[in-house]
Amino acid sequence: MMLRHKVEKVFGYPGGAILPVFDAIYNSPHFDFVLPRHEQGAGHMAEGYARVSGKPGVVLVTSGPGATNVITPLQDALSDGTPLVVFCGQVATSAIGSDAFQEADVVGISRSCTKWNVMVKDIAELPRRINEAFRIATTGRPGPVLVDLPKDVTAAILRQAIPHRYTHPELADATIPGRSHSHTATSALGGEATPISDALLNKAAHMIANAKRPVIYAGQGMLSTSEGPELLKRLAKEGNIPVTTTLMGLGAYDELDETHSLHMLGMHGSAYANLAMQSADVIIALGARFDDRVTGRLDMFAPAAKAAALQGRGGIIHFEVQPKNINKVVNANVAITGDVLDSVRALLPLLPSEAQPRDEWFAKIKQWKADYPFTYVPSDPSRRAHEAPGDLFYEKRYSHTAMTNPDFVALAKAMGVHAIRCDSVDELPAKMKEFMEYDNQKPVLFEARVVKSEHVFPMIPAGKALHQLMLHPSLKPVDADFAK
């Protein structure tokens with residue numbers, strides 16, 4: 001069944017309750033198996049593989065501690081929308097509920113950190129459960145699923161599979177050939193939901209066309225397929241709209257585009273992205289969920305867009321695959337549910353053939369970039385600079401933070417990995433050149449030592465609004481009345 005889903009790589013750690021599956025993989029020439037030293041590592045490896053390959057990461061662990069060790073990657077994948085399919089061993093069905101060795105209620109434990117989970121109690125059920133697992137993990141907003149496999153089930157021989165009846169009607173609908181509709185939203189489980197509203201699309205297009213200070217706020221949803229970045233580029237260029245991305249949306253837009261790119265926003269994002277969000281009269285949220293690291297203090301978030309909405313000329317447009325995320329954190333003036341790429345594809349033809357120049361808006365952004373850069377240049381190279389380093393918030397009250405690092409270079413070399421250490425800025429060019437030119441077929445570790453008291457600016461302190469930034473002392477502060 002995994003071959004039918006084009007699985008090539010499996011991450012996992014063996015144990016007694018899952019040995020029949022490991023034996024089958026060992027005897028198969030079709031799988032590249034990656035053995036970590038801990039199940040949590042297997043889960044995070046599979047997450048990385050899924051993000052790079054665009055295919056679900058497959059994890060195989062044993063019962064009890066093997067399954068509980070993968071809970072953190074499951075929650076991480078659920079939060080980040082990363083498709084994972086986790087198969088875990090379980091005690092035999094006859095022993096379930098008897099507190100058998102390494103028995104744990106894995107379905108119960110993982111219920112809150114998976115899109116879907118199931119225990120398979122009959123080998124005849126297994127093919128359809130595997131199909132459901134892969135479909136649910138990869139459709140709608142991607143995420144993790146878990147299949148619990150008692151040892152007597154995986155040790156059994158499949159004589160005849162149960163026909164592919166699906167637990168969710170949406171999944172059955174999604175498999176019926178010839179079912180296609182224009183502008184159709186996809187449900188979170190992969191089937192078809194209600195069509196995207198043409199009226200809402202037209203309203204969104206009208207708001208964008210008439211906006212004076214629009215901003216695109218793009219999340220990981222724009223990276224759900226390889227077409228996403230191209231669609232985002234078209235929307236930015238054809239609509240003449242600056243773009244900021246979330247941490248998980250990095251890579252969705254070309255950050256070398258000095259005109260339209262605002263880089264990342266939020267707590268550790270660029271000052272100019274955060275100021276643009278506070279000043280925008282129309283915010284177009286694409287595949288993003290208004291995380292608290294992005295919004296800052298909610299009652300002071302996006303004041304210009306909220307004011308424009310009250311005046312009937314702007315507001316917040318939210319494109320989101322999961323209806324439950326609409327108005328969950330920030331109220332949207334126009335909410336369009338469904339696959340975000342389908343929605344953008346349908347929106348583009350509705351925009352004017354020639355967008356507004358918005359010269360004043362882009363000039364303001366250019367000024368912010370000059371005033372609040374990521375890199376700092378000396379204002380007067382002939383004058384001595386003085387710095388009084390501190391710990392940013394707590395007046396050197398270092399409570400429970402004293403940790404001593406091991407020798408990472410020695411550790412890497414002990415594992416057969418080439419390692420490079422950089423101790424100073426002067427060494428950086430040569431050491432970085434060595435790092436970049438090392439054999440890309442082999443792992444290499446780069447350790448860059450930094451000053452213990454170094455701060456990361458800009459930063460939005462907890463409980464503050466996006467314009468209430470902490471900046472490097474060399475930069476002028478943001479006007480206290482900025483958002484008024």
# chains A, B, ... in the order shown; residues from 1 in each chain; ligands from 1
>>> select_by_dssp(residues="segment 308-456 of chain A", states="helix (DSSP H, G or I)", output="count of residues only")
47
>>> closest_atom_pairs(of="segment 69-141 of chain A", to="segment 244-252 of chain A", cutoff="12 Å", atoms="only C-alpha atoms", output="JSON lines")
{"residue": "A:Asp76", "atom": "CA", "partner": "A:Met248", "partner_atom": "CA", "distance": 11.9}
{"residue": "A:Ala77", "atom": "CA", "partner": "A:Met248", "partner_atom": "CA", "distance": 11.6}
{"residue": "A:Ser79", "atom": "CA", "partner": "A:Met248", "partner_atom": "CA", "distance": 10.3}
{"residue": "A:Asp80", "atom": "CA", "partner": "A:Met248", "partner_atom": "CA", "distance": 7.2}
{"residue": "A:Gly81", "atom": "CA", "partner": "A:Met248", "partner_atom": "CA", "distance": 9.4}
{"residue": "A:Thr82", "atom": "CA", "partner": "A:Met248", "partner_atom": "CA", "distance": 10.5}
>>> write_last_selection(atoms="N, CA and C atoms", output="tab-separated table (two decimals), in the first residue's frame")
chain	number	residue	atom	x	y	z
A	76	ASP	N	4.05	19.55	16.40
A	76	ASP	CA	4.77	20.51	15.55
A	76	ASP	C	4.22	20.47	14.13
A	77	ALA	N	3.99	19.27	13.62
A	77	ALA	CA	3.45	19.13	12.26
A	77	ALA	C	2.03	19.67	12.17
A	79	SER	N	0.77	22.12	14.02
A	79	SER	CA	0.87	23.58	14.09
A	79	SER	C	1.36	24.17	12.78
A	80	ASP	N	2.30	23.47	12.12
A	80	ASP	CA	2.92	24.01	10.91
A	80	ASP	C	2.26	23.55	9.62
A	81	GLY	N	1.27	22.66	9.72
A	81	GLY	CA	0.62	22.18	8.51
A	81	GLY	C	1.52	21.31	7.66
A	82	THR	N	2.25	20.40	8.32
A	82	THR	CA	3.19	19.51	7.63
A	82	THR	C	2.59	18.11	7.56
>>> select_by_dssp(residues="segment 285-467 of chain A", states="strand (DSSP E)", output="tab-separated table (two decimals) with C-alpha atoms, in the first residue's frame")
chain	number	residue	atom	x	y	z
A	285	ALA	CA	-4.10	37.27	4.19
A	286	LEU	CA	-3.19	34.24	2.08
A	315	GLY	CA	-10.40	46.03	5.70
A	316	ILE	CA	-9.02	42.52	6.04
A	317	ILE	CA	-9.47	39.84	3.35
A	318	HIS	CA	-8.76	36.32	4.61
A	319	PHE	CA	-8.19	33.40	2.22
A	320	GLU	CA	-8.11	30.22	4.32
A	334	VAL	CA	-14.15	39.36	3.52
A	335	ALA	CA	-13.57	35.66	4.25
A	336	ILE	CA	-12.99	33.23	1.39
A	337	THR	CA	-12.65	29.57	2.37
A	418	HIS	CA	33.36	17.51	9.02
A	419	ALA	CA	33.13	20.54	11.33
A	420	ILE	CA	34.24	24.17	11.12
A	421	ARG	CA	34.42	26.69	13.96
A	422	CYS	CA	34.41	30.46	13.48
A	444	VAL	CA	29.12	19.50	7.49
A	445	LEU	CA	28.68	21.45	10.73
A	446	PHE	CA	29.43	25.17	11.08
A	447	GLU	CA	29.78	26.59	14.60
A	448	ALA	CA	29.74	30.39	14.78
>>> residues_around(residues="Tyr253 of chain A", least_positions_apart="5", cutoff="10 Å", atoms="only C-alpha atoms", output="MDAnalysis selection string")
chainID A and resid 218 222:223 228:233 236 243:245 260:263
>>> closest_atom_pairs(of="segment 317-373 of chain A", to="segment 267-284 of chain A", cutoff="9 Å", atoms="only C-alpha atoms", output="JSON lines")
{"residue": "A:Ile317", "atom": "CA", "partner": "A:Ile284", "partner_atom": "CA", "distance": 4.9}
{"residue": "A:His318", "atom": "CA", "partner": "A:Ile284", "partner_atom": "CA", "distance": 6.2}
{"residue": "A:Phe319", "atom": "CA", "partner": "A:Ile284", "partner_atom": "CA", "distance": 7.7}
{"residue": "A:Lys364", "atom": "CA", "partner": "A:Ala276", "partner_atom": "CA", "distance": 9.0}
{"residue": "A:Ile365", "atom": "CA", "partner": "A:Tyr272", "partner_atom": "CA", "distance": 6.7}
{"residue": "A:Lys366", "atom": "CA", "partner": "A:Tyr272", "partner_atom": "CA", "distance": 8.7}
{"residue": "A:Gln367", "atom": "CA", "partner": "A:Tyr272", "partner_atom": "CA", "distance": 8.9}
{"residue": "A:Trp368", "atom": "CA", "partner": "A:Tyr272", "partner_atom": "CA", "distance": 5.4}
{"residue": "A:Lys369", "atom": "CA", "partner": "A:Tyr272", "partner_atom": "CA", "distance": 5.9}
{"residue": "A:Asp371", "atom": "CA", "partner": "A:Tyr272", "partner_atom": "CA", "distance": 8.8}
{"residue": "A:Tyr372", "atom": "CA", "partner": "A:Ala271", "partner_atom": "CA", "distance": 6.1}
{"residue": "A:Pro373", "atom": "CA", "partner": "A:Ala271", "partner_atom": "CA", "distance": 7.8}
>>> atom_distance(atom1="atom CA of Asp292 of chain A", atom2="atom CA of Met207 of chain A")
25.5 Å
>>> atom_distance(atom1="atom CA of Phe11 of chain A", atom2="atom CA of Ala42 of chain A")
5.3 Å
>>> atom_distance(atom1="atom CA of Leu149 of chain A", atom2="atom CA of Arg51 of chain A")
26.0 Å
>>> closest_residue(among="A:Val329, A:Ile123, A:Pro443, A:Phe134", to="Leu158 of chain A", atoms="only C-alpha atoms")
A:Ile123
>>> residues_around(residues="Asp105 of chain A", least_positions_apart="5", cutoff="9 Å", atoms="only C-alpha atoms", output="compact mmCIF listing (two decimals) with C-alpha atoms, in the first residue's frame")
# COMPACT_ATOMS: atom_id res chain seq x y z
CA GLY A 64 4.57 2.69 24.44
CA ILE A 96 -5.34 -4.17 25.09
CA GLY A 97 -6.65 -2.77 28.37
CA SER A 110 -2.49 11.73 20.05
>>> residues_around(residues="segment 464-474 of chain A", least_positions_apart="2", cutoff="6 Å", atoms="only C-alpha atoms", output="JSON, numbers by chain")
{"A": [274, 275, 296, 297, 300, 457, 458, 459, 460, 461, 462]}
